[in-house]
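One structure is given here, and the rest of the page talks about it.
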Amino acid sequence: MPAVKTTFVCQQCGAAAPKWAGQCATCGAWNTLVETLAAPRAIARTPSAARAVAGMAAISPISAVESAEAARLSSGIGEVDRVLGGGFVPGSILLFGGDPGIGKSTLLLQVAARLARDGRRVLYVTGEESAAQVRGRGERVGGVVEGLSLAATSDLATTLTAIDAAEADVVVVDSVQTIGSADLSGPAGSVGQVREVAARLAEVAKQTGTCVALVGHVTKEGTVAGPRTLEHLVDAVIYIEGERLGSTRLLRAAKNRFGSTDEVGVLEMRGDGLAEVADASRFFIESDEAPSAGAAVTIALEGTRPLAVEIQALCAPSAFGSPRRATTGIDTNRVLMLIAVLARHAGVNLASHDVYVNVAGGLRIDEPAADLAVAAALASSLRERPIDAATVLAGEVALSGRLRGAVRADRRWLEASRLGYRQLVTGPSRGSGSGSARGIVVARDIRAALGSALGD
Ligand code: TYD
Ligand code: MG
């Protein structure tokens, strides 16, 4: 086999060097040299691939080009399709990222099985686990299906041959960090390798119309395998998020050439894999029983999707000198700020209380519109008085105690009324038309809002 020439290319200035060095000799940047194939080999062309290449290079009137929309493959899981923008697009390459153990392999095996059951030829390439391990998971999630093939390899050339041999419509590569090209000296998972693997698979996708789904681990820095390495090369990046010990998983598109990045998908990890939840919007509310003190419901906007979420607070007299403050699903500093505002502007003094705040259902909320519900839950817990069961709250609390309306309050209110709530307490919005809809109560400051919610 002829030796393939590789060079080390600086990711900052593009200069090529024959050897790896810690610093780029041209621009002086550190740790930017990445091993790259000097002249990428032409992709091995089977007759069918060659036809596809010829067809693609030909000029055709735009009206004669088949729309990618029409050919979308449904994943069989509504929440996944929703985030993809309607299903997998043939000829596209996607990246599913997430922390180890979050459920990437589970989700993709389920999707692979569903596609195979719909009559597609699906190949699942596993570089991380043995075929037997994947089969074991398959038994658990109903993934032992005719039309779904497994290939256990960590070699790129073998993977490409397997894709070709399987004539796959859909290929899952689990994971992109465990597959490497023998032409590069770096270990699998290094920036050069990951880029090469993704680039070659992207070529296959575009040339043969195969849909390629890559699994990628998210590094501690929150990026997938080297900064921006993969995101440029793929058509869509979907993150699977959630608390490891909780069962809720959120799917979110960070990039999507074929759909919106505003959608979220809500899934639940069960004993037999990931499942859709019956009414996602109601999923994050603890119970339908009579309201208890310390619970407040807000309508959070995840992308453009409104979700009713219960905020739970517990204020208990502290046993020791300095009170404890602990939160899950919400920023602790934000809660500390709200505790201070409540003391100063609403007469709710928590200085000698331990405070615990929890977002139900394992969701994480980062938008300031959750402020008002957190503040109301705290006040409700301290006063041991439940919040009116038909009330939801959404608004940002300023340090002055003044409120600001939640963005897209109308959208939130629509969802709240669909769920049977009769009142949305919010703040004044900067635009006009605040409080125009019946059921929206506009409070100027935190004291007035607590009055509406707690009936002070
Ligand atoms: P996995 O898909 O292996 O995660 P990843 O590929 O992202 O590393 O899922 C790992 C976790 O999911 C594991 O801790 C067990 C759990 N799990 C379930 O709860 N139910 C199931 O049906 C399966 C297959 C896994
Ligand atoms: Mg895995």
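A note on labels: chains of the structure tokens are A, B, ... as shown, every chain counts residues from 1, and ligands are counted from 1 in their shown order.
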Pick out each residue of stretch 115-351 of chain A that DSSP on the backbone tags as helix (DSSP H, G or I); I need them as number ranges by chain. A: 115-117, 131-141, 156-166, 176-178, 191-208, 280-282, 332-345
Using only C-alpha atoms and all ligand atoms, I'd like a table of the residues in chain A that come within 10 Å of ligand 2; for each, show the closest atom pair and its distance in Å rounded to one decimal, ordered by chain and ascending number, as a tab-separated table.
```
residue	atom	partner	partner_atom_place_in_ligand_line	distance
A:Gly98	CA	ligand 2	1 (Mg)	9.7
A:Asp99	CA	ligand 2	1 (Mg)	9.5
A:Pro100	CA	ligand 2	1 (Mg)	6.8
A:Gly101	CA	ligand 2	1 (Mg)	6.6
A:Ile102	CA	ligand 2	1 (Mg)	8.3
A:Gly103	CA	ligand 2	1 (Mg)	6.8
A:Lys104	CA	ligand 2	1 (Mg)	5.6
A:Ser105	CA	ligand 2	1 (Mg)	4.2
A:Thr106	CA	ligand 2	1 (Mg)	7.2
A:Leu107	CA	ligand 2	1 (Mg)	9.4
A:Leu108	CA	ligand 2	1 (Mg)	9.3
A:Leu109	CA	ligand 2	1 (Mg)	9.8
A:Thr126	CA	ligand 2	1 (Mg)	8.9
A:Gly127	CA	ligand 2	1 (Mg)	9.6
A:Glu128	CA	ligand 2	1 (Mg)	7.0
A:Glu129	CA	ligand 2	1 (Mg)	7.7
A:Val134	CA	ligand 2	1 (Mg)	9.5
A:Asp174	CA	ligand 2	1 (Mg)	6.7
A:Ser175	CA	ligand 2	1 (Mg)	7.2
A:Val215	CA	ligand 2	1 (Mg)	7.8
A:Gly216	CA	ligand 2	1 (Mg)	8.9
A:His217	CA	ligand 2	1 (Mg)	8.5
```
Kindly export the residues of the current selection with C-alpha atoms, as a compact mmCIF listing (two decimals), in the first residue's frame.
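See result.txt below for the written result:
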```txt
# COMPACT_ATOMS: atom_id res chain seq x y z
CA GLY A 98 -24.18 14.81 24.60
CA ASP A 99 -22.50 13.79 27.82
CA PRO A 100 -21.45 10.17 28.26
CA GLY A 101 -24.31 8.05 29.57
CA ILE A 102 -27.02 10.50 28.58
CA GLY A 103 -28.60 8.08 26.08
CA LYS A 104 -27.09 8.80 22.66
CA SER A 105 -26.53 5.16 21.76
CA THR A 106 -29.97 4.24 23.05
CA LEU A 107 -31.73 6.94 21.04
CA LEU A 108 -29.90 6.19 17.81
CA LEU A 109 -30.38 2.46 18.11
CA THR A 126 -20.19 0.61 16.61
CA GLY A 127 -16.64 1.56 17.45
CA GLU A 128 -17.26 1.86 21.13
CA GLU A 129 -19.10 -1.29 22.09
CA VAL A 134 -25.37 -3.43 20.97
CA ASP A 174 -21.24 5.45 17.24
CA SER A 175 -19.06 7.25 17.96
CA VAL A 215 -22.62 10.21 17.69
CA GLY A 216 -20.19 12.54 19.41
CA HIS A 217 -19.19 12.94 23.03
```
For A:Arg364: contacts at 7 Å, only C-alpha atoms, fewer than 4 positions along chain excluded, given as an NGL selection string: :A and (329-330 or 359)
A:Glu276 environment, 9 Å, only C-alpha atoms, sequence neighbours closer than 4 positions dropped, as a ChimeraX atom specification: /A:77-79,265-268,280
Could you turn the residues from that selection into a file that holds C-alpha atoms, as a JSON list (two decimals), in the first residue's frame?
```json
[["chain", "number", "residue", "atom", "x", "y", "z"],
["A", 77, "ILE", "CA", -40.36, 9.28, 17.28],
["A", 78, "GLY", "CA", -42.37, 12.48, 16.98],
["A", 79, "GLU", "CA", -40.19, 14.47, 19.34],
["A", 265, "GLY", "CA", -37.96, 17.58, 21.97],
["A", 266, "VAL", "CA", -38.93, 16.11, 25.33],
["A", 267, "LEU", "CA", -38.19, 12.44, 25.98],
["A", 268, "GLU", "CA", -38.16, 10.24, 29.03],
["A", 280, "ALA", "CA", -44.88, 17.46, 27.16]]
```
Got a sec: who's within 10 Å of A:Ala21, counting only C-alpha atoms, leaving out chain neighbours fewer than 4 positions off, as a list in words?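 Here the qualifying residues turn out to be Phe8, Cys10, Ala17, Ala25, Trp30, Asn31, Thr32, Leu33 and Val34 of chain A.
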Quote the spacing between atom CA of A:His232 and atom CA of A:Ala29 in Å to one decimal place. 21.4 Å
Identify, on the basis of only C-alpha atoms, every residue whose closest approach to stretch 244-256 of chain A does not exceed 9 Å; exclude the query and any residue fewer than 3 positions from it along the same chain; express the result as a ChimeraX atom specification. /A:79-80,83-85,94,99,101-103,231,234-241,259-270,274,303,361-363
Could you state the separation of atom CA of A:Asp331 and atom CA of A:Ile446 in Å, given to one decimal place? 19.5 Å
From a DSSP calculation on the backbone, collect every residue of stretch 339-453 of chain A in strand (DSSP E) and output the set as an NGL selection string. :A and (353-359 or 391-393 or 395-397 or 403-405 or 423-426 or 440-442)
Please dump the current selection as a PDB file, in the first residue's frame; keep N, CA and C atoms.
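Contents of out_38.pdb, freshly written:
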```
ATOM      1  N   HIS A 353     -33.512  31.635  57.352  1.00  0.00           N
ATOM      2  CA  HIS A 353     -34.092  30.391  56.837  1.00  0.00           C
ATOM      3  C   HIS A 353     -33.151  29.710  55.851  1.00  0.00           C
ATOM      4  N   ASP A 354     -33.100  28.396  55.930  1.00  0.00           N
ATOM      5  CA  ASP A 354     -32.492  27.633  54.844  1.00  0.00           C
ATOM      6  C   ASP A 354     -33.453  27.684  53.661  1.00  0.00           C
ATOM      7  N   VAL A 355     -32.897  27.788  52.457  1.00  0.00           N
ATOM      8  CA  VAL A 355     -33.761  27.881  51.277  1.00  0.00           C
ATOM      9  C   VAL A 355     -33.349  26.819  50.249  1.00  0.00           C
ATOM     10  N   TYR A 356     -34.315  26.055  49.788  1.00  0.00           N
ATOM     11  CA  TYR A 356     -34.088  25.063  48.740  1.00  0.00           C
ATOM     12  C   TYR A 356     -35.031  25.368  47.592  1.00  0.00           C
ATOM     13  N   VAL A 357     -34.501  25.410  46.386  1.00  0.00           N
ATOM     14  CA  VAL A 357     -35.346  25.653  45.212  1.00  0.00           C
ATOM     15  C   VAL A 357     -35.073  24.551  44.198  1.00  0.00           C
ATOM     16  N   ASN A 358     -36.123  24.018  43.642  1.00  0.00           N
ATOM     17  CA  ASN A 358     -36.013  22.886  42.729  1.00  0.00           C
ATOM     18  C   ASN A 358     -36.942  23.102  41.531  1.00  0.00           C
ATOM     19  N   VAL A 359     -36.448  22.782  40.348  1.00  0.00           N
ATOM     20  CA  VAL A 359     -37.310  22.806  39.162  1.00  0.00           C
ATOM     21  C   VAL A 359     -37.797  21.374  38.946  1.00  0.00           C
ATOM     22  N   THR A 391     -53.394  30.010  38.776  1.00  0.00           N
ATOM     23  CA  THR A 391     -52.483  31.101  38.422  1.00  0.00           C
ATOM     24  C   THR A 391     -51.115  30.585  37.977  1.00  0.00           C
ATOM     25  N   VAL A 392     -50.601  31.142  36.877  1.00  0.00           N
ATOM     26  CA  VAL A 392     -49.206  30.925  36.503  1.00  0.00           C
ATOM     27  C   VAL A 392     -48.494  32.273  36.521  1.00  0.00           C
ATOM     28  N   LEU A 393     -47.180  32.253  36.690  1.00  0.00           N
ATOM     29  CA  LEU A 393     -46.423  33.499  36.767  1.00  0.00           C
ATOM     30  C   LEU A 393     -45.257  33.462  35.790  1.00  0.00           C
ATOM     31  N   GLY A 395     -42.253  36.455  34.634  1.00  0.00           N
ATOM     32  CA  GLY A 395     -41.774  37.829  34.546  1.00  0.00           C
ATOM     33  C   GLY A 395     -40.401  37.937  35.173  1.00  0.00           C
ATOM     34  N   GLU A 396     -39.685  38.962  34.746  1.00  0.00           N
ATOM     35  CA  GLU A 396     -38.330  39.165  35.251  1.00  0.00           C
ATOM     36  C   GLU A 396     -38.381  40.151  36.409  1.00  0.00           C
ATOM     37  N   VAL A 397     -37.649  39.848  37.470  1.00  0.00           N
ATOM     38  CA  VAL A 397     -37.614  40.729  38.638  1.00  0.00           C
ATOM     39  C   VAL A 397     -36.324  41.539  38.602  1.00  0.00           C
ATOM     40  N   LEU A 403     -41.020  44.861  37.985  1.00  0.00           N
ATOM     41  CA  LEU A 403     -41.141  43.688  37.121  1.00  0.00           C
ATOM     42  C   LEU A 403     -41.026  44.084  35.669  1.00  0.00           C
ATOM     43  N   ARG A 404     -40.608  43.125  34.874  1.00  0.00           N
ATOM     44  CA  ARG A 404     -40.632  43.300  33.430  1.00  0.00           C
ATOM     45  C   ARG A 404     -41.356  42.086  32.869  1.00  0.00           C
ATOM     46  N   GLY A 405     -42.197  42.333  31.897  1.00  0.00           N
ATOM     47  CA  GLY A 405     -42.993  41.245  31.318  1.00  0.00           C
ATOM     48  C   GLY A 405     -42.110  40.189  30.674  1.00  0.00           C
ATOM     49  N   GLN A 423     -55.274  32.624  34.944  1.00  0.00           N
ATOM     50  CA  GLN A 423     -54.611  33.902  35.194  1.00  0.00           C
ATOM     51  C   GLN A 423     -53.104  33.776  35.004  1.00  0.00           C
ATOM     52  N   LEU A 424     -52.529  34.713  34.246  1.00  0.00           N
ATOM     53  CA  LEU A 424     -51.070  34.793  34.112  1.00  0.00           C
ATOM     54  C   LEU A 424     -50.625  36.107  34.737  1.00  0.00           C
ATOM     55  N   VAL A 425     -49.849  36.011  35.802  1.00  0.00           N
ATOM     56  CA  VAL A 425     -49.323  37.224  36.425  1.00  0.00           C
ATOM     57  C   VAL A 425     -47.960  37.516  35.808  1.00  0.00           C
ATOM     58  N   THR A 426     -47.822  38.723  35.279  1.00  0.00           N
ATOM     59  CA  THR A 426     -46.575  39.090  34.616  1.00  0.00           C
ATOM     60  C   THR A 426     -46.278  40.551  34.907  1.00  0.00           C
ATOM     61  N   ILE A 440     -54.556  38.028  31.567  1.00  0.00           N
ATOM     62  CA  ILE A 440     -53.192  38.477  31.860  1.00  0.00           C
ATOM     63  C   ILE A 440     -53.247  39.600  32.884  1.00  0.00           C
ATOM     64  N   VAL A 441     -52.630  39.383  34.023  1.00  0.00           N
ATOM     65  CA  VAL A 441     -52.604  40.385  35.074  1.00  0.00           C
ATOM     66  C   VAL A 441     -51.227  41.031  35.076  1.00  0.00           C
ATOM     67  N   VAL A 442     -51.191  42.330  34.848  1.00  0.00           N
ATOM     68  CA  VAL A 442     -49.906  43.019  34.812  1.00  0.00           C
ATOM     69  C   VAL A 442     -49.646  43.675  36.161  1.00  0.00           C
TER      70      VAL A 442
END
```
At a cut-off of 9 Å, using only C-alpha atoms, what residues contact A:Val9? Leave out same-chain residues fewer than 2 positions from it and give the result as a ChimeraX atom specification. /A:7,11-18,20,24,32-36
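Of the residues listed (A:Ala295, A:Ala375, A:Leu214, A:Ala406), A:Leu214 shows the shortest atom-to-atom separation from ligand 1; distances use only C-alpha atoms and all ligand atoms.
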So which one's closest to A:Trp413, A:Val218, A:Ile365, A:Ala343, A:Ala300? Using only C-alpha atoms, please. A:Ala300
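Atom pair atom CA of A:Arg114 / atom CA of A:Thr178: separated by 24.7 Å.
Nearest to ligand 1 of all the residues A:Leu37, A:Ala213, A:Val297, A:Ala275 is A:Ala275, based on only C-alpha atoms and all ligand atoms.
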